[in-house]
$ cat structure22.csv   # CSV, C-alpha atoms and all ligand atoms
chain,number,residue,atom,x,y,z
A,1119,MET,CA,0.0,0.0,0.0
A,1120,THR,CA,1.4,3.3,-1.1
A,1121,ILE,CA,-0.2,6.5,0.1
A,1122,LEU,CA,0.2,9.7,-2.0
A,1123,VAL,CA,0.3,12.8,0.2
A,1124,LEU,CA,-0.2,16.1,-1.7
A,1125,GLY,CA,0.9,19.3,-0.2
A,1126,ALA,CA,3.5,17.2,1.5
A,1127,THR,CA,5.7,20.2,2.5
A,1128,GLY,CA,2.7,22.1,4.0
A,1129,LYS,CA,1.5,22.4,7.5
A,1130,THR,CA,-0.7,19.2,7.5
A,1131,GLY,CA,1.1,17.3,4.8
A,1132,ARG,CA,4.5,17.2,6.3
A,1133,ARG,CA,3.2,16.1,9.7
A,1134,LEU,CA,1.0,13.4,8.0
A,1135,VAL,CA,4.0,12.1,6.0
A,1136,ALA,CA,6.0,11.7,9.3
A,1137,ARG,CA,3.1,10.1,11.0
A,1138,LEU,CA,2.4,7.6,8.2
A,1139,ARG,CA,6.1,6.7,7.9
A,1140,GLY,CA,6.2,6.2,11.7
A,1141,MET,CA,3.4,3.7,11.2
A,1142,GLY,CA,5.5,1.8,8.6
A,1143,VAL,CA,3.4,3.0,5.7
A,1144,GLU,CA,5.0,3.6,2.3
A,1145,VAL,CA,4.5,7.3,1.5
A,1146,ARG,CA,4.9,9.3,-1.7
A,1147,ALA,CA,5.4,12.9,-0.5
A,1148,ALA,CA,4.6,15.2,-3.3
A,1149,SER,CA,4.5,18.9,-4.0
A,1150,ARG,CA,6.4,21.3,-6.3
A,1151,SER,CA,9.4,21.4,-4.1
A,1152,GLY,CA,8.9,18.1,-2.3
A,1153,GLU,CA,10.6,14.6,-2.5
A,1154,VAL,CA,8.4,13.8,-5.5
A,1155,ARG,CA,7.5,16.6,-7.9
A,1156,PHE,CA,3.8,17.3,-8.3
A,1157,ASP,CA,2.5,20.5,-9.7
A,1158,TRP,CA,-1.2,21.2,-10.2
A,1159,ALA,CA,-0.2,23.3,-13.2
A,1160,ASP,CA,1.7,20.5,-14.9
A,1161,ARG,CA,-0.6,17.7,-15.9
A,1162,ALA,CA,2.1,15.8,-17.8
A,1163,GLY,CA,3.7,14.9,-14.5
A,1164,TRP,CA,0.6,13.6,-12.8
A,1165,ALA,CA,0.5,10.0,-14.2
A,1166,SER,CA,3.8,8.9,-12.7
A,1167,VAL,CA,2.9,10.4,-9.4
A,1168,VAL,CA,-0.3,8.4,-9.0
A,1169,GLN,CA,1.2,5.2,-10.4
A,1170,GLY,CA,0.9,2.3,-7.9
A,1171,VAL,CA,-0.9,4.5,-5.3
A,1172,SER,CA,-3.8,3.0,-3.3
A,1173,ALA,CA,-4.9,6.2,-1.3
A,1174,VAL,CA,-4.5,9.9,-1.7
A,1175,TYR,CA,-4.4,12.8,0.8
A,1176,LEU,CA,-5.9,15.5,-1.4
A,1177,VAL,CA,-4.8,19.1,-0.6
A,1178,ALA,CA,-6.6,20.7,-3.5
A,1179,ALA,CA,-5.4,23.4,-5.9
A,1180,GLU,CA,-6.6,26.9,-5.2
A,1181,GLU,CA,-8.7,26.8,-8.4
A,1182,ALA,CA,-11.3,24.3,-9.3
A,1183,GLU,CA,-10.1,23.6,-12.8
A,1184,PRO,CA,-7.4,20.9,-12.4
A,1185,VAL,CA,-8.9,19.0,-9.5
A,1186,GLU,CA,-11.6,17.0,-11.2
A,1187,ALA,CA,-9.3,15.8,-13.9
A,1188,PHE,CA,-6.7,14.7,-11.3
A,1189,VAL,CA,-9.3,12.7,-9.4
A,1190,GLU,CA,-10.4,11.0,-12.6
A,1191,LEU,CA,-6.9,10.2,-13.6
A,1192,ALA,CA,-6.1,8.8,-10.1
A,1193,VAL,CA,-9.1,6.5,-10.2
A,1194,GLU,CA,-8.2,5.2,-13.6
A,1195,ALA,CA,-4.7,4.5,-12.3
A,1196,GLY,CA,-6.1,2.4,-9.5
A,1197,VAL,CA,-6.5,4.7,-6.5
A,1198,LYS,CA,-9.2,3.3,-4.1
A,1199,ARG,CA,-9.5,5.9,-1.5
A,1200,PHE,CA,-9.3,9.7,-1.1
A,1201,VAL,CA,-9.1,11.9,2.0
A,1202,VAL,CA,-9.8,15.5,1.2
A,1203,LEU,CA,-8.6,18.4,3.3
A,1204,SER,CA,-11.4,21.0,3.2
A,1205,GLY,CA,-12.6,24.0,5.3
A,1206,ARG,CA,-15.3,24.2,7.8
A,1207,GLY,CA,-18.1,26.3,6.4
A,1208,ILE,CA,-17.3,25.3,2.8
A,1209,ASP,CA,-21.0,24.3,2.5
A,1210,ARG,CA,-21.8,28.0,2.8
A,1211,ALA,CA,-19.3,28.8,0.0
A,1212,GLY,CA,-21.9,30.1,-2.4
A,1213,GLU,CA,-23.5,32.6,0.0
A,1214,ALA,CA,-20.7,34.9,0.7
A,1215,LEU,CA,-19.1,36.2,-2.5
A,1216,PRO,CA,-20.2,38.6,-5.2
A,1217,ALA,CA,-20.5,37.3,-8.7
A,1218,ARG,CA,-17.3,37.2,-10.8
A,1219,ALA,CA,-16.6,39.6,-13.6
A,1220,ASP,CA,-17.9,37.0,-16.2
A,1221,GLY,CA,-21.2,36.7,-14.3
A,1222,SER,CA,-20.5,33.3,-12.8
A,1223,PRO,CA,-21.3,32.9,-9.1
A,1224,GLY,CA,-18.4,33.7,-6.7
A,1225,VAL,CA,-17.2,30.7,-4.8
A,1226,PHE,CA,-15.2,30.6,-1.7
A,1227,GLY,CA,-12.5,27.8,-1.9
A,1228,PRO,CA,-13.3,26.6,-5.4
A,1229,GLY,CA,-10.6,24.0,-5.3
A,1230,MET,CA,-11.8,22.5,-2.1
A,1231,VAL,CA,-15.5,22.6,-3.2
A,1232,THR,CA,-14.5,20.8,-6.4
A,1233,ALA,CA,-12.4,18.2,-4.6
A,1234,GLU,CA,-15.3,17.3,-2.3
A,1235,ARG,CA,-17.6,16.9,-5.2
A,1236,ALA,CA,-15.1,15.0,-7.4
A,1237,VAL,CA,-14.3,12.4,-4.8
A,1238,GLU,CA,-18.0,11.9,-3.9
A,1239,ALA,CA,-18.6,11.2,-7.6
A,1240,SER,CA,-15.5,9.1,-8.2
A,1241,GLY,CA,-16.7,5.6,-7.2
A,1242,ALA,CA,-13.7,5.3,-4.9
A,1243,GLU,CA,-13.9,5.4,-1.1
A,1244,TRP,CA,-13.7,9.0,0.2
A,1245,SER,CA,-13.9,11.0,3.4
A,1246,VAL,CA,-13.6,14.7,4.0
A,1247,ILE,CA,-11.9,16.7,6.8
A,1248,ARG,CA,-13.5,20.1,7.1
A,1249,ALA,CA,-11.2,22.0,9.4
A,1250,ASN,CA,-11.6,25.3,11.4
A,1251,ASN,CA,-8.7,27.8,11.3
A,1252,PHE,CA,-5.4,26.1,12.1
A,1253,ALA,CA,-3.7,27.2,15.3
A,1254,GLN,CA,-0.5,27.0,13.3
A,1255,ASN,CA,-1.7,30.0,11.2
A,1256,PHE,CA,-0.1,32.0,14.1
A,1257,SER,CA,3.3,30.4,13.7
A,1258,GLU,CA,3.6,29.0,10.2
A,1259,ASP,CA,1.3,31.1,8.0
A,1260,VAL,CA,-0.7,34.3,7.6
A,1261,TRP,CA,-0.6,35.5,11.2
A,1262,THR,CA,3.1,34.8,11.9
A,1263,ALA,CA,4.2,38.3,10.8
A,1264,PRO,CA,1.5,40.1,12.9
A,1265,VAL,CA,2.5,37.9,16.0
A,1266,GLU,CA,6.2,38.9,15.5
A,1267,ALA,CA,5.2,42.6,15.0
A,1268,GLY,CA,3.0,42.5,18.1
A,1269,ARG,CA,-0.1,43.7,16.3
A,1270,LEU,CA,-2.9,41.6,14.9
A,1271,ALA,CA,-5.7,43.6,13.2
A,1272,LEU,CA,-8.8,41.8,11.9
A,1273,PRO,CA,-12.5,42.4,11.5
A,1274,LEU,CA,-13.9,39.8,13.8
A,1275,GLY,CA,-15.3,41.3,16.9
A,1276,ALA,CA,-16.2,39.0,19.8
A,1277,VAL,CA,-16.9,36.0,17.7
A,1278,GLY,CA,-14.9,32.9,18.9
A,1279,GLU,CA,-12.9,30.6,16.7
A,1280,PRO,CA,-12.2,27.0,17.9
A,1281,PHE,CA,-8.7,26.8,16.3
A,1282,VAL,CA,-7.6,23.3,15.5
A,1283,ASP,CA,-4.0,22.0,16.1
A,1284,VAL,CA,-2.7,20.7,12.7
A,1285,GLU,CA,-1.1,17.8,14.7
A,1286,ASP,CA,-4.7,16.6,15.3
A,1287,VAL,CA,-5.6,17.2,11.6
A,1288,ALA,CA,-2.7,15.0,10.5
A,1289,GLU,CA,-3.6,12.3,13.0
A,1290,VAL,CA,-7.2,12.3,11.8
A,1291,ALA,CA,-6.0,12.1,8.2
A,1292,ALA,CA,-3.7,9.2,9.0
A,1293,VAL,CA,-6.6,7.2,10.5
A,1294,LEU,CA,-8.9,8.0,7.6
A,1295,LEU,CA,-6.3,6.9,5.1
A,1296,THR,CA,-5.3,3.7,6.8
A,1297,GLU,CA,-8.4,2.4,8.6
A,1298,ASP,CA,-11.8,1.2,7.2
A,1299,GLY,CA,-15.2,2.4,8.2
A,1300,HIS,CA,-15.0,6.1,7.4
A,1301,SER,CA,-16.0,6.1,3.7
A,1302,GLY,CA,-18.7,8.7,2.8
A,1303,ARG,CA,-18.2,10.6,6.0
A,1304,ILE,CA,-17.5,14.4,6.4
A,1305,TYR,CA,-15.7,15.2,9.6
A,1306,ASP,CA,-15.8,18.8,11.0
A,1307,VAL,CA,-12.6,19.2,13.0
A,1308,SER,CA,-11.8,22.0,15.5
A,1309,GLY,CA,-10.1,22.6,18.8
A,1310,PRO,CA,-12.0,22.0,22.1
A,1311,GLU,CA,-12.9,25.6,22.9
A,1312,SER,CA,-13.7,28.9,21.0
A,1313,LEU,CA,-11.4,31.8,21.6
A,1314,THR,CA,-11.7,35.3,20.2
A,1315,PHE,CA,-8.6,36.5,18.3
A,1316,ALA,CA,-7.9,38.9,21.2
A,1317,GLU,CA,-7.9,35.9,23.6
A,1318,ALA,CA,-5.8,33.8,21.2
A,1319,VAL,CA,-3.0,36.5,21.0
A,1320,GLU,CA,-3.2,37.0,24.8
A,1321,VAL,CA,-2.5,33.2,25.2
A,1322,ILE,CA,0.4,33.4,22.8
A,1323,GLY,CA,1.7,36.5,24.5
A,1324,ARG,CA,2.3,34.5,27.7
A,1325,TRP,CA,5.4,33.2,25.9
A,1326,THR,CA,6.2,36.1,23.6
A,1327,LYS,CA,6.3,39.9,23.8
A,1328,PRO,CA,2.7,41.4,24.2
A,1329,ILE,CA,0.6,41.2,21.1
A,1330,GLU,CA,-2.1,43.8,20.6
A,1331,TYR,CA,-5.4,42.9,19.0
A,1332,VAL,CA,-6.9,45.7,17.0
A,1333,GLU,CA,-10.5,45.5,15.8
A,1334,LEU,CA,-11.1,46.7,12.2
A,1335,THR,CA,-14.3,47.2,10.3
A,1336,PRO,CA,-14.5,45.0,7.2
A,1337,GLU,CA,-13.8,48.1,5.0
A,1338,GLN,CA,-10.7,49.0,7.1
A,1339,TYR,CA,-9.4,45.5,6.8
A,1340,ALA,CA,-9.9,45.4,3.0
A,1341,ASP,CA,-8.0,48.7,2.8
A,1342,GLU,CA,-5.1,47.3,4.9
A,1343,LEU,CA,-4.9,44.3,2.6
A,1344,ARG,CA,-4.9,46.5,-0.5
A,1345,GLY,CA,-2.2,48.6,1.1
A,1346,GLU,CA,-0.1,45.5,1.6
A,1347,GLY,CA,-0.5,44.8,-2.2
A,1348,TYR,CA,-3.0,41.9,-2.1
A,1349,PRO,CA,-5.0,41.6,-5.4
A,1350,GLU,CA,-8.7,42.3,-5.3
A,1351,GLU,CA,-9.7,38.6,-5.6
A,1352,VAL,CA,-7.8,37.8,-2.4
A,1353,VAL,CA,-9.3,40.8,-0.6
A,1354,GLU,CA,-12.8,39.5,-1.7
A,1355,VAL,CA,-12.1,35.9,-0.6
A,1356,LEU,CA,-10.7,37.0,2.8
A,1357,ASP,CA,-13.7,39.3,3.3
A,1358,ALA,CA,-16.0,36.4,2.5
A,1359,MET,CA,-14.2,34.1,4.9
A,1360,PHE,CA,-14.3,36.6,7.8
A,1361,GLY,CA,-18.0,37.3,6.9
A,1362,ILE,CA,-18.8,33.6,7.4
A,1363,MET,CA,-16.8,33.6,10.7
A,1364,ARG,CA,-18.4,36.9,11.9
A,1365,ALA,CA,-21.8,35.3,11.4
A,1366,GLY,CA,-20.8,32.7,13.9
A,1367,HIS,CA,-21.2,29.8,11.6
A,1368,LEU,CA,-17.9,28.3,12.5
A,1369,SER,CA,-17.6,29.3,16.2
A,1370,THR,CA,-19.1,26.2,17.9
A,1371,PRO,CA,-16.5,23.5,18.6
A,1372,ALA,CA,-16.9,20.4,16.3
A,1373,GLN,CA,-16.7,16.8,17.3
A,1374,GLY,CA,-14.6,15.3,14.4
A,1375,VAL,CA,-11.4,14.8,16.3
A,1376,GLU,CA,-13.2,13.0,19.1
A,1377,GLN,CA,-15.2,10.9,16.6
A,1378,VAL,CA,-12.2,9.7,14.7
A,1379,LEU,CA,-9.5,9.5,17.4
A,1380,GLY,CA,-11.7,8.8,20.5
A,1381,ARG,CA,-10.0,11.6,22.5
A,1382,PRO,CA,-10.6,15.3,22.8
A,1383,PRO,CA,-8.7,17.7,20.5
A,1384,ALA,CA,-5.6,19.5,21.7
A,1385,SER,CA,-6.2,22.9,23.4
A,1386,PHE,CA,-4.9,26.2,22.0
A,1387,THR,CA,-2.9,26.8,25.1
A,1388,ALA,CA,-1.1,23.5,24.7
A,1389,TYR,CA,-0.3,24.5,21.0
A,1390,ALA,CA,1.0,27.9,22.1
A,1391,GLU,CA,3.1,26.6,25.0
A,1392,ARG,CA,4.7,23.9,22.7
A,1393,THR,CA,5.3,26.3,19.9
A,1394,PHE,CA,6.3,29.6,21.6
A,1395,GLY,CA,7.4,28.3,24.9
A,1396,ASN,CA,10.5,26.7,23.4
A,1397,ARG,CA,11.7,29.7,21.4
B,1401,LIG,N1,-4.9,27.4,7.2
B,1401,LIG,C1,-6.1,27.1,7.6
B,1401,LIG,O1,-6.5,27.5,8.7
B,1401,LIG,C2,-7.0,26.1,6.9
B,1401,LIG,C3,-8.2,25.7,7.5
B,1401,LIG,C4,-9.0,24.7,6.7
B,1401,LIG,C5,-8.5,24.3,5.5
B,1401,LIG,N2,-7.4,24.8,4.9
B,1401,LIG,C6,-7.0,24.4,3.6
B,1401,LIG,O2,-5.8,23.6,3.7
B,1401,LIG,C7,-5.1,23.7,2.5
B,1401,LIG,C8,-3.6,23.9,2.7
B,1401,LIG,O3,-3.1,22.9,3.5
B,1401,LIG,P1,-1.9,23.1,4.4
B,1401,LIG,O4,-2.1,24.2,5.3
B,1401,LIG,O5,-1.5,21.8,5.0
B,1401,LIG,O6,-0.7,23.5,3.4
B,1401,LIG,P2,0.1,24.8,3.4
B,1401,LIG,O7,0.9,24.9,4.6
B,1401,LIG,O8,-0.8,25.9,3.0
B,1401,LIG,O9,1.1,24.5,2.2
B,1401,LIG,C9,0.6,24.3,0.8
B,1401,LIG,C10,1.2,23.0,0.3
B,1401,LIG,O10,0.7,22.9,-1.1
B,1401,LIG,C11,1.8,22.8,-2.0
B,1401,LIG,N3,1.5,23.5,-3.2
B,1401,LIG,C12,1.3,24.8,-3.4
B,1401,LIG,N4,1.0,25.1,-4.6
B,1401,LIG,C13,1.1,23.9,-5.3
B,1401,LIG,C14,1.0,23.5,-6.7
B,1401,LIG,N5,0.7,24.5,-7.7
B,1401,LIG,N6,1.1,22.2,-7.0
B,1401,LIG,C15,1.3,21.3,-6.1
B,1401,LIG,N7,1.5,21.6,-4.8
B,1401,LIG,C16,1.4,22.9,-4.4
B,1401,LIG,C17,3.0,23.4,-1.2
B,1401,LIG,O11,4.2,22.8,-1.5
B,1401,LIG,P3,5.2,23.4,-2.7
B,1401,LIG,O12,5.4,24.8,-2.5
B,1401,LIG,O13,6.4,22.5,-2.5
B,1401,LIG,O14,4.5,23.1,-4.0
B,1401,LIG,C18,2.7,22.9,0.2
B,1401,LIG,O15,3.1,21.6,0.5
B,1401,LIG,C19,-5.8,24.7,1.6
B,1401,LIG,O16,-6.6,24.1,0.7
B,1401,LIG,C20,-6.6,25.5,2.6
B,1401,LIG,O17,-7.7,26.1,2.1
B,1401,LIG,C21,-6.6,25.7,5.6

$ encode --input "structure22.csv" --output "structure tokens" --more "lines below"
Ligand SMILES: NC(=O)c1ccc[n+]([C@@H]2O[C@H](COP(=O)([O-])OP(=O)(O)OC[C@H]3O[C@@H](n4cnc5c(N)ncnc54)[C@H](OP(=O)(O)O)[C@@H]3O)[C@@H](O)[C@H]2O)c1
Amino acid sequence: MTILVLGATGKTGRRLVARLRGMGVEVRAASRSGEVRFDWADRAGWASVVQGVSAVYLVAAEEAEPVEAFVELAVEAGVKRFVVLSGRGIDRAGEALPARADGSPGVFGPGMVTAERAVEASGAEWSVIRANNFAQNFSEDVWTAPVEAGRLALPLGAVGEPFVDVEDVAEVAAVLLTEDGHSGRIYDVSGPESLTFAEAVEVIGRWTKPIEYVELTPEQYADELRGEGYPEEVVEVLDAMFGIMRAGHLSTPAQGVEQVLGRPPASFTAYAERTFGNR
């Protein structure tokens, strides 16, 4: 059994690769810069990457376009199981964005939406992990620079977010890839408690210099992003994502980690101490 891990250098993928190898599973770790070269933009390279693979951890492309073709090719090559990494609230994807310039409906997370649909229609076994915001966004992604600068400015008010530790996401993915009984299931995964972003940076600040949380209006936030040079599509997508979060749709802790692993998810404080306490 060989498992193909896409996004294998990313936050969830590299932890999943290590976990599966620790279990003695044969892993093909793929991405543009990874051990095995895989690029969503280079279809000619896909066939050799899926050759001899029984299961795929599917971290979708940003855009919808290549995802369905990849799933079809993988099934033809003999892949029997897919585990898709998706986002909590993706089922509200259509509600939040204005129409695109060509009149087609705006879609939040088009690659993930397409990946979910494609595996469901593929005839193979499939399961989906719909994750809340990752705790590691504060240390390995979009909020790393604000944490280092001591100022995080977002348009979120007092709405809580049950940040999920990506170690838990990787452990859930490892189970879904290697154990039976999960096909056709969608698991919402989150941490055990909701924290406002002000509370989250207060927790991190116990191990770093103080971090100020600044509340912005959506318009002020969009202007900050434009000022930092983000293109208008990104501004729209982030505005949509925070709109879904502000509405409180993602703020209740989900049960997916407990359902799959039989134990509660890791707390944000445990993540923060492990990550910032050792620096
Ligand atoms: N961050 C969150 O809070 C959150 C929450 C829920 C869901 N998600 C979803 O999680 C996914 C990201 O997963 P992650 O956080 O584990 O990864 P990540 O840390 O964002 O890293 C992205 C991975 O994708 C690879 N990649 C980027 N462009 C590629 C391309 N054109 N072709 C092939 N591989 C490419 C990168 O490796 P190379 O650079 O080597 O190609 C890297 O391994 C996204 O779909 C996101 O929407 C994120």

$ closest_residue --input "structure22.csv" --among "A:Gln1377, A:Thr1120, A:Thr1296, A:Thr1127" --to "A:Ser1308" --atoms "all atoms listed in the file"
A:Gln1377

$ closest_residue --input "structure22.csv" --among "A:Trp1244, A:Tyr1175, A:Phe1188, A:Phe1156" --to "A:Tyr1305" --atoms "all atoms listed in the file"
A:Trp1244

$ residues_around --input "structure22.csv" --residues "A:Phe1281" --least-positions-apart "6" --cutoff "6 Å" --atoms "all atoms listed in the file" --output "number ranges by chain"
A: 1250-1253, 1308-1309

$ residues_around --input "structure22.csv" --residues "A:Arg1133" --least-positions-apart "6" --cutoff "9 Å" --atoms "all atoms listed in the file" --output "ChimeraX atom specification"
/A:1126-1127,1284-1285,1288-1289

$ residues_around --input "structure22.csv" --residues "A:Arg1381" --least-positions-apart "2" --cutoff "12 Å" --atoms "all atoms listed in the file" --output "list in words"
Asp1286, Glu1289, Val1290, Gly1309, Pro1310, Gln1373, Gly1374, Val1375, Glu1376, Gln1377, Val1378, Leu1379, Pro1383, Ala1384 and Ser1385 of chain A

$ closest_residue --input "structure22.csv" --among "A:Glu1391, A:Glu1346, A:Glu1311, A:Glu1279" --to "A:Thr1326" --atoms "only C-alpha atoms"
A:Glu1391

$ residues_near_point --input "structure22.csv" --point "(1.1, 28.4, 11.1)" --cutoff "10 Å" --atoms "all atoms listed in the file" --output "list in words"
Gly1128, Lys1129, Asn1251, Phe1252, Ala1253, Gln1254, Asn1255, Phe1256, Ser1257, Glu1258, Asp1259, Val1260, Trp1261, Thr1262, Asp1283, Val1284 and Thr1393 of chain A

$ residues_near_ligand --input "structure22.csv" --ligand "ligand LIG 1401 (chain B)" --cutoff "7 Å" --atoms "only C-alpha atoms and all ligand atoms" --output "MDAnalysis selection string"
chainID A and resid 1124:1131 1149:1152 1156:1159 1177:1180 1203:1206 1227 1230 1248:1252 1255

$ residues_around --input "structure22.csv" --residues "A:Glu1194" --least-positions-apart "5" --cutoff "10 Å" --atoms "all atoms listed in the file" --output "ChimeraX atom specification"
/A:1165,1168-1169,1188-1189,1240
